[in-house]
Every structure is written in C-alpha cells, then in structure tokens.
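Visitor: Enclosed is the structure file run.pdb (PDB, C-alpha atoms).
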ATOM      1  CA  MET A   1      -8.864 -12.239  10.722  1.00  0.00           C
ATOM      2  CA  THR A   2      -8.838 -14.056   7.404  1.00  0.00           C
ATOM      3  CA  SER A   3      -7.577 -11.268   5.136  1.00  0.00           C
ATOM      4  CA  GLU A   4      -5.517 -12.512   2.225  1.00  0.00           C
ATOM      5  CA  LEU A   5      -3.674 -11.001  -0.734  1.00  0.00           C
ATOM      6  CA  ARG A   6      -4.252 -11.964  -4.342  1.00  0.00           C
ATOM      7  CA  PRO A   7      -3.390 -10.614  -7.799  1.00  0.00           C
ATOM      8  CA  VAL A   8      -5.761  -8.109  -9.365  1.00  0.00           C
ATOM      9  CA  THR A   9      -8.233  -9.421 -11.959  1.00  0.00           C
ATOM     10  CA  GLU A  10     -10.104  -7.465 -14.593  1.00  0.00           C
ATOM     11  CA  ASP A  11     -13.279  -7.727 -12.489  1.00  0.00           C
ATOM     12  CA  ASP A  12     -11.507  -5.806  -9.687  1.00  0.00           C
ATOM     13  CA  LEU A  13     -10.929  -2.661 -11.752  1.00  0.00           C
ATOM     14  CA  PRO A  14     -14.199  -0.900 -10.779  1.00  0.00           C
ATOM     15  CA  PHE A  15     -13.392  -1.474  -7.087  1.00  0.00           C
ATOM     16  CA  LEU A  16      -9.876  -0.083  -7.559  1.00  0.00           C
ATOM     17  CA  ASN A  17     -11.218   2.962  -9.415  1.00  0.00           C
ATOM     18  CA  ARG A  18     -13.548   3.555  -6.469  1.00  0.00           C
ATOM     19  CA  LEU A  19     -10.591   3.530  -4.051  1.00  0.00           C
ATOM     20  CA  PHE A  20      -8.685   6.064  -6.154  1.00  0.00           C
ATOM     21  CA  ASN A  21     -11.449   8.300  -7.571  1.00  0.00           C
ATOM     22  CA  ASP A  22     -14.213   8.432  -4.952  1.00  0.00           C
ATOM     23  CA  GLN A  23     -13.306  10.937  -2.247  1.00  0.00           C
ATOM     24  CA  GLU A  24     -15.411   9.162   0.381  1.00  0.00           C
ATOM     25  CA  SER A  25     -13.741   5.826  -0.386  1.00  0.00           C
ATOM     26  CA  THR A  26     -10.147   7.046  -0.483  1.00  0.00           C
ATOM     27  CA  GLY A  27     -10.295   8.614   2.938  1.00  0.00           C
ATOM     28  CA  LEU A  28      -8.778  11.882   4.088  1.00  0.00           C
ATOM     29  CA  HIS A  29      -5.147  10.824   3.732  1.00  0.00           C
ATOM     30  CA  GLN A  30      -5.423   9.251   0.264  1.00  0.00           C
ATOM     31  CA  TRP A  31      -7.496  11.824  -1.643  1.00  0.00           C
ATOM     32  CA  TYR A  32      -5.225  13.462  -4.245  1.00  0.00           C
ATOM     33  CA  GLY A  33      -7.953  14.561  -6.643  1.00  0.00           C
ATOM     34  CA  TRP A  34      -9.564  12.720  -9.510  1.00  0.00           C
ATOM     35  CA  GLN A  35      -7.314  10.566 -11.639  1.00  0.00           C
ATOM     36  CA  ASP A  36      -7.511   9.218 -15.151  1.00  0.00           C
ATOM     37  CA  PRO A  37     -10.246   6.554 -14.870  1.00  0.00           C
ATOM     38  CA  HIS A  38      -8.584   4.483 -17.599  1.00  0.00           C
ATOM     39  CA  ARG A  39      -5.088   4.485 -16.024  1.00  0.00           C
ATOM     40  CA  LEU A  40      -5.707   1.336 -13.977  1.00  0.00           C
ATOM     41  CA  ARG A  41      -7.169  -0.557 -16.956  1.00  0.00           C
ATOM     42  CA  ARG A  42      -4.162   0.332 -19.116  1.00  0.00           C
ATOM     43  CA  ARG A  43      -1.803  -0.794 -16.371  1.00  0.00           C
ATOM     44  CA  TRP A  44      -3.739  -4.026 -15.862  1.00  0.00           C
ATOM     45  CA  GLU A  45      -3.719  -4.745 -19.613  1.00  0.00           C
ATOM     46  CA  ASP A  46      -0.001  -3.969 -19.791  1.00  0.00           C
ATOM     47  CA  ASN A  47       1.233  -6.176 -16.946  1.00  0.00           C
ATOM     48  CA  GLY A  48      -1.593  -7.306 -14.669  1.00  0.00           C
ATOM     49  CA  MET A  49      -0.385  -4.769 -12.060  1.00  0.00           C
ATOM     50  CA  LEU A  50       2.775  -6.817 -11.418  1.00  0.00           C
ATOM     51  CA  ASN A  51       6.309  -6.207 -12.712  1.00  0.00           C
ATOM     52  CA  ALA A  52       9.932  -6.241 -11.570  1.00  0.00           C
ATOM     53  CA  ASP A  53       9.706  -2.695 -10.222  1.00  0.00           C
ATOM     54  CA  GLY A  54       6.558  -3.085  -8.123  1.00  0.00           C
ATOM     55  CA  GLY A  55       2.978  -4.102  -8.097  1.00  0.00           C
ATOM     56  CA  MET A  56      -0.534  -3.938  -6.761  1.00  0.00           C
ATOM     57  CA  VAL A  57      -2.524  -6.732  -5.135  1.00  0.00           C
ATOM     58  CA  LEU A  58      -5.990  -6.917  -3.682  1.00  0.00           C
ATOM     59  CA  ILE A  59      -6.742  -7.445  -0.004  1.00  0.00           C
ATOM     60  CA  THR A  60      -9.666  -9.845   0.330  1.00  0.00           C
ATOM     61  CA  GLU A  61     -11.673 -11.524   3.044  1.00  0.00           C
ATOM     62  CA  GLY A  62     -13.482 -14.456   1.530  1.00  0.00           C
ATOM     63  CA  GLU A  63     -15.266 -13.066  -1.534  1.00  0.00           C
ATOM     64  CA  ASP A  64     -15.148  -9.469  -0.260  1.00  0.00           C
ATOM     65  CA  ARG A  65     -12.752  -6.941  -1.746  1.00  0.00           C
ATOM     66  CA  VAL A  66     -11.298  -5.146   1.272  1.00  0.00           C
ATOM     67  CA  GLY A  67      -8.604  -2.898  -0.181  1.00  0.00           C
ATOM     68  CA  LEU A  68      -5.302  -2.847  -2.001  1.00  0.00           C
ATOM     69  CA  MET A  69      -1.581  -2.978  -1.332  1.00  0.00           C
ATOM     70  CA  THR A  70       1.076  -1.462  -3.591  1.00  0.00           C
ATOM     71  CA  TRP A  71       4.841  -1.607  -3.628  1.00  0.00           C
ATOM     72  CA  SER A  72       7.530   0.039  -5.721  1.00  0.00           C
ATOM     73  CA  LYS A  73      11.287  -0.211  -6.019  1.00  0.00           C
ATOM     74  CA  GLN A  74      13.244   2.597  -4.358  1.00  0.00           C
ATOM     75  CA  MET A  75      16.962   2.782  -5.052  1.00  0.00           C
ATOM     76  CA  THR A  76      18.959   3.076  -1.812  1.00  0.00           C
ATOM     77  CA  SER A  77      22.427   3.108  -3.395  1.00  0.00           C
ATOM     78  CA  SER A  78      23.903   2.614  -6.839  1.00  0.00           C
ATOM     79  CA  ILE A  79      23.590  -1.186  -6.435  1.00  0.00           C
ATOM     80  CA  SER A  80      20.770  -1.776  -3.937  1.00  0.00           C
ATOM     81  CA  TYR A  81      17.108  -1.014  -3.459  1.00  0.00           C
ATOM     82  CA  CYS A  82      14.268  -1.435  -1.006  1.00  0.00           C
ATOM     83  CA  TRP A  83      10.516  -1.731  -1.461  1.00  0.00           C
ATOM     84  CA  ASP A  84       8.226   1.162  -0.574  1.00  0.00           C
ATOM     85  CA  MET A  85       4.684  -0.012   0.112  1.00  0.00           C
ATOM     86  CA  GLY A  86       1.272   1.596   0.452  1.00  0.00           C
ATOM     87  CA  LEU A  87      -2.221   0.596   1.423  1.00  0.00           C
ATOM     88  CA  ILE A  88      -5.825   1.663   0.974  1.00  0.00           C
ATOM     89  CA  VAL A  89      -8.642  -0.094   2.842  1.00  0.00           C
ATOM     90  CA  ALA A  90     -12.251   0.527   1.786  1.00  0.00           C
ATOM     91  CA  PRO A  91     -14.141   2.557   4.409  1.00  0.00           C
ATOM     92  CA  GLU A  92     -16.521  -0.275   5.327  1.00  0.00           C
ATOM     93  CA  PHE A  93     -13.540  -2.465   6.353  1.00  0.00           C
ATOM     94  CA  ARG A  94     -11.398   0.072   8.235  1.00  0.00           C
ATOM     95  CA  GLY A  95     -10.581  -0.455  11.898  1.00  0.00           C
ATOM     96  CA  LYS A  96     -10.905  -4.239  11.742  1.00  0.00           C
ATOM     97  CA  GLY A  97      -7.234  -5.251  11.426  1.00  0.00           C
ATOM     98  CA  HIS A  98      -7.252  -5.876   7.670  1.00  0.00           C
ATOM     99  CA  GLY A  99      -4.516  -3.313   6.991  1.00  0.00           C
ATOM    100  CA  THR A 100      -2.198  -4.687   9.661  1.00  0.00           C
ATOM    101  CA  ARG A 101      -2.566  -8.255   8.416  1.00  0.00           C
ATOM    102  CA  ALA A 102      -2.149  -7.214   4.772  1.00  0.00           C
ATOM    103  CA  GLN A 103       1.033  -5.299   5.604  1.00  0.00           C
ATOM    104  CA  ARG A 104       2.474  -8.352   7.387  1.00  0.00           C
ATOM    105  CA  LEU A 105       1.567 -10.580   4.435  1.00  0.00           C
ATOM    106  CA  LEU A 106       3.101  -8.245   1.872  1.00  0.00           C
ATOM    107  CA  VAL A 107       6.331  -7.847   3.868  1.00  0.00           C
ATOM    108  CA  ARG A 108       6.704 -11.634   4.078  1.00  0.00           C
ATOM    109  CA  TYR A 109       5.914 -11.977   0.356  1.00  0.00           C
ATOM    110  CA  LEU A 110       8.490  -9.324  -0.623  1.00  0.00           C
ATOM    111  CA  PHE A 111      11.214 -10.855   1.553  1.00  0.00           C
ATOM    112  CA  ASP A 112      10.415 -14.339   0.232  1.00  0.00           C
ATOM    113  CA  HIS A 113      10.492 -13.314  -3.439  1.00  0.00           C
ATOM    114  CA  SER A 114      13.208 -10.661  -3.684  1.00  0.00           C
ATOM    115  CA  PRO A 115      16.686 -10.109  -2.255  1.00  0.00           C
ATOM    116  CA  VAL A 116      15.849  -6.813  -0.516  1.00  0.00           C
ATOM    117  CA  ASN A 117      16.757  -6.232   3.103  1.00  0.00           C
ATOM    118  CA  ARG A 118      14.310  -3.391   3.738  1.00  0.00           C
ATOM    119  CA  VAL A 119      10.625  -2.610   3.228  1.00  0.00           C
ATOM    120  CA  GLN A 120       9.470   0.881   4.067  1.00  0.00           C
ATOM    121  CA  ALA A 121       6.199   2.746   4.329  1.00  0.00           C
ATOM    122  CA  SER A 122       5.263   6.306   5.129  1.00  0.00           C
ATOM    123  CA  THR A 123       2.126   8.115   6.155  1.00  0.00           C
ATOM    124  CA  GLU A 124       1.137  11.610   7.207  1.00  0.00           C
ATOM    125  CA  VAL A 125       1.817  12.546  10.826  1.00  0.00           C
ATOM    126  CA  SER A 126      -1.917  13.057  11.329  1.00  0.00           C
ATOM    127  CA  ASN A 127      -2.756   9.499  10.201  1.00  0.00           C
ATOM    128  CA  LEU A 128      -2.545   7.898  13.637  1.00  0.00           C
ATOM    129  CA  ALA A 129      -4.535   4.809  12.613  1.00  0.00           C
ATOM    130  CA  GLU A 130      -1.990   3.923   9.916  1.00  0.00           C
ATOM    131  CA  GLN A 131       0.910   4.565  12.278  1.00  0.00           C
ATOM    132  CA  ARG A 132      -0.610   2.120  14.797  1.00  0.00           C
ATOM    133  CA  SER A 133      -1.211  -0.402  12.021  1.00  0.00           C
ATOM    134  CA  LEU A 134       2.405  -0.207  10.827  1.00  0.00           C
ATOM    135  CA  GLU A 135       3.712  -0.635  14.363  1.00  0.00           C
ATOM    136  CA  LYS A 136       1.442  -3.653  14.944  1.00  0.00           C
ATOM    137  CA  ALA A 137       2.702  -5.096  11.648  1.00  0.00           C
ATOM    138  CA  GLY A 138       6.275  -4.954  12.962  1.00  0.00           C
ATOM    139  CA  PHE A 139       7.527  -1.704  11.435  1.00  0.00           C
ATOM    140  CA  THR A 140       9.876   0.646  13.300  1.00  0.00           C
ATOM    141  CA  ARG A 141       9.274   4.382  13.251  1.00  0.00           C
ATOM    142  CA  GLU A 142      12.374   6.067  11.844  1.00  0.00           C
ATOM    143  CA  GLY A 143      11.486   9.727  11.858  1.00  0.00           C
ATOM    144  CA  VAL A 144       9.499  12.657  10.534  1.00  0.00           C
ATOM    145  CA  LEU A 145       9.785  13.741   6.921  1.00  0.00           C
ATOM    146  CA  ARG A 146       9.123  17.467   6.960  1.00  0.00           C
ATOM    147  CA  GLY A 147       6.890  18.885   4.226  1.00  0.00           C
ATOM    148  CA  CYS A 148       7.099  15.763   2.068  1.00  0.00           C
ATOM    149  CA  ALA A 149       3.541  15.289   0.780  1.00  0.00           C
ATOM    150  CA  PHE A 150       1.261  17.705  -1.051  1.00  0.00           C
ATOM    151  CA  ARG A 151      -2.445  17.047  -0.488  1.00  0.00           C
ATOM    152  CA  ALA A 152      -5.550  19.235  -0.254  1.00  0.00           C
ATOM    153  CA  GLY A 153      -3.655  22.397  -1.200  1.00  0.00           C
ATOM    154  CA  GLU A 154      -1.053  22.087   1.564  1.00  0.00           C
ATOM    155  CA  TRP A 155       2.260  20.435   2.327  1.00  0.00           C
ATOM    156  CA  HIS A 156       2.091  17.786   5.051  1.00  0.00           C
ATOM    157  CA  ASP A 157       4.742  16.180   7.224  1.00  0.00           C
ATOM    158  CA  GLY A 158       5.140  12.432   6.969  1.00  0.00           C
ATOM    159  CA  VAL A 159       6.422   9.645   9.179  1.00  0.00           C
ATOM    160  CA  LEU A 160       8.773   6.995   7.782  1.00  0.00           C
ATOM    161  CA  TYR A 161       8.642   3.382   8.977  1.00  0.00           C
ATOM    162  CA  SER A 162      10.671   0.337   7.997  1.00  0.00           C
ATOM    163  CA  VAL A 163      11.143  -3.356   8.634  1.00  0.00           C
ATOM    164  CA  ILE A 164      14.305  -5.254   7.756  1.00  0.00           C
ATOM    165  CA  ARG A 165      14.806  -8.988   7.367  1.00  0.00           C
ATOM    166  CA  ALA A 166      16.427  -9.335  10.790  1.00  0.00           C
ATOM    167  CA  ASP A 167      13.291  -7.876  12.411  1.00  0.00           C
ATOM    168  CA  LEU A 168      11.291 -10.915  11.312  1.00  0.00           C
ATOM    169  CA  GLY A 169      13.619 -13.491  12.816  1.00  0.00           C
ATOM    170  CA  PRO A 170      14.308 -16.886  11.259  1.00  0.00           C
ATOM    171  CA  ARG A 171      11.855 -18.301   8.726  1.00  0.00           C
ATOM    172  CA  GLY A 172      10.221 -21.376  10.122  1.00  0.00           C
TER     173      GLY A 172
END
Starting from the file, lay out its structure as structure tokens.
Guide:
Amino acid sequence: MTSELRPVTEDDLPFLNRLFNDQESTGLHQWYGWQDPHRLRRRWEDNGMLNADGGMVLITEGEDRVGLMTWSKQMTSSISYCWDMGLIVAPEFRGKGHGTRAQRLLVRYLFDHSPVNRVQASTEVSNLAEQRSLEKAGFTREGVLRGCAFRAGEWHDGVLYSVIRADLGPRG
C-alpha cells in the first residue's frame, strides 16, 4: 500500500465537496445531510485547512485522491488536550487498507509535531469496517458511547478508540 498524506490544495476542493455532499460518496456512516458547498473553500482560503486547533489532509495513492483525514483539539483537562481524528475514504477505494495506513500516518504525524499523549477516534457501533481499521492501526477500544451521534433521524451509539504515545514504542 502506497497511501500517503498531503496538505489540501485548491484543486482538491471539488473532491472534498463530493465526500461531504454526495450521499453515495460519503457512505452510510458519514451522511449528515447536505452542507454549505462554499464552507470548504472559505476554510481553505482562510488557513489552507491547517491551524493550531486541527486540520484536514488528503489521502492519496500516486496521483489518485483516495480520501481525507481530519483532526481537532479536544480539551481533556484545564491544561491538556488530545487530538480527535476522523476519516472518509471515497467508495472506489474502500476495503483496500487505505484508511488503516492513513490513520497510522496521521497518528505518527500528530505525535511527532505536537506534545499530546493521546489521539482518539470514534465511530458508530454498526461501522464494523472502521472498527477493524482502527484496531489494525493500533488503536485500543475503550468503550461504547451511548446515544452520542445523531444521523438519519436517529440517535446512534458510538465506540471510542485511542492510541497513546507509549502504544507506539520508541521512535527509531
């Protein structure tokens, strides 16, 4: 697998809009209804999708746009935070290991470029493919979050996963 991460460029905005605004592209667990089609452009023009509180990068394989990874700062106490990350893979690339590799790459990037000790991710309990991907990427299942996500007119239970620096072992 040769998936890589890279910053978003202006040319990527139509692909990103597809992943957020096309129900067939988002997939069952990421469809939250149509969103402002100009939101991503405004964010890109404001900060290139990268700032101190989080970001968005593209998952690529060669010249192909495969999907996206996001992360955002989540306060864990009055003086510390962790990163909460998310992922969307385009339907034509699902089931090929791109998500697992991208999650590993983003975890390493976040630990290398910030002082956090924890990266977390959550998914719906019915999203078994994402749960397997997180576990393959080195995440530990922490528990069920009851009624935490509203999608498709209903509340859904989630599953919380995390990885901490010690899980990765020494850098070498």
Visitor: Nearest to A:Ile88: which of A:Gln23, A:Thr9, A:Asn47, A:Thr70 is it, counting only C-alpha atoms?
Guide: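 With only C-alpha atoms as the atom set, the closest residue is A:Thr70.
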Visitor: When distances are computed from all atoms listed in the file, which of A:Arg108, A:Val66, A:Ala52, A:Glu10 shows the smallest separation from A:Pro91?
Guide: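 Closest candidate: A:Val66.
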Visitor: So what does the PyMOL selection byres ((chain A and resi 122) around 8) actually pick up in this one, as an MDAnalysis selection string?
Guide: chainID A and resid 86 120:121 123:124 158:161
Visitor: Quote the spacing between atom CA of A:Trp71 and atom CA of A:Gln103 in Å to one decimal place.
Guide: 10.6 Å
Visitor: Could you work out how far atom CA of A:Leu68 lies from atom CA of A:Val8, giving the answer in Å with one decimal?
Guide: 9.1 Å
Visitor: Measure the distance from atom CA of A:Asp84 to atom CA of A:Arg104 in Å and round it to one decimal.
Guide: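 Between these atoms lies a distance of 13.7 Å.
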Visitor: Can you turn the PyMOL selection byres ((chain A and resi 16) around 10) into a concrete residue list for this file, as a PyMOL selection string?
Guide: chain A and resi 8+11-15+17-22+37+40-41+58+65+67-68+88+90
Visitor: Select, from A:Ser133, A:Asn127, A:Thr60, A:Gln35, the residue with the minimum atom-to-atom distance to A:Thr2, counting all atoms listed in the file.
Guide: A:Thr60
Visitor: If we count all atoms listed in the file, what is near A:Glu61 at a cut-off of 12 Å, once residues fewer than 4 positions away on the same chain are taken out, given as a PyMOL selection string?
Guide: chain A and resi 1-6+65-68+89+93+96-99+101-102
Visitor: Pick out the residues sitting within 10 Å of A:Arg165, and hand them over as a list in words; count only C-alpha atoms, and ignore anything fewer than 3 positions along from it in its own chain.
Guide: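 Once the nearby chain positions are removed, what remains is Val107, Arg108, Phe111, Asp112, Pro115, Val116, Asn117, Arg118, Val119, Leu168, Gly169, Pro170 and Arg171 of chain A.
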Visitor: Rank A:Asp53, A:Thr140, A:Leu145, A:Glu24 by their smallest atom-to-atom distance to A:Gln74, using all atoms listed in the file, and report the top residue only.
Guide: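 Checking each of A:Asp53, A:Thr140, A:Leu145, A:Glu24 against A:Gln74, counting all atoms listed in the file, the winner is A:Asp53.
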Visitor: Can you spell out as a list in words the set of residues that the PyMOL selection byres ((chain A and resi 55) around 7) selects in the structure I just provided?
Guide: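 When the PyMOL selection byres ((chain A and resi 55) around 7) is applied to the shown file, the picked residues are Met49, Leu50, Asn51, Gly54, Met56, Val57, Thr70, Trp71 and Ser72 of chain A.
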Visitor: Kindly indicate which residue among A:Val125, A:Ala166, A:Ile59, A:Ile79 lies nearest to A:Leu106, using all atoms listed in the file for the distances.
Guide: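 Selected residue with least distance to A:Leu106: A:Ile59.
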Visitor: Measuring atom to atom with all atoms listed in the file, identify which of A:Gly95, A:Trp155, A:Ser162, A:Gly143 is nearest to A:Cys82.
Guide: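 Of A:Gly95, A:Trp155, A:Ser162, A:Gly143, the one nearest A:Cys82 is A:Ser162, counting all atoms listed in the file.
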Visitor: Box for stretch 138-143 of chain A: with edges along x, y and z, all listed atoms inside and 5 Å added on each side, what are the centre and edge lengths in Å to one decimal, as JSON?
Guide:
{"center_x": 9.3, "center_y": 2.4, "center_z": 12.4, "size_x": 16.1, "size_y": 24.7, "size_z": 11.9}
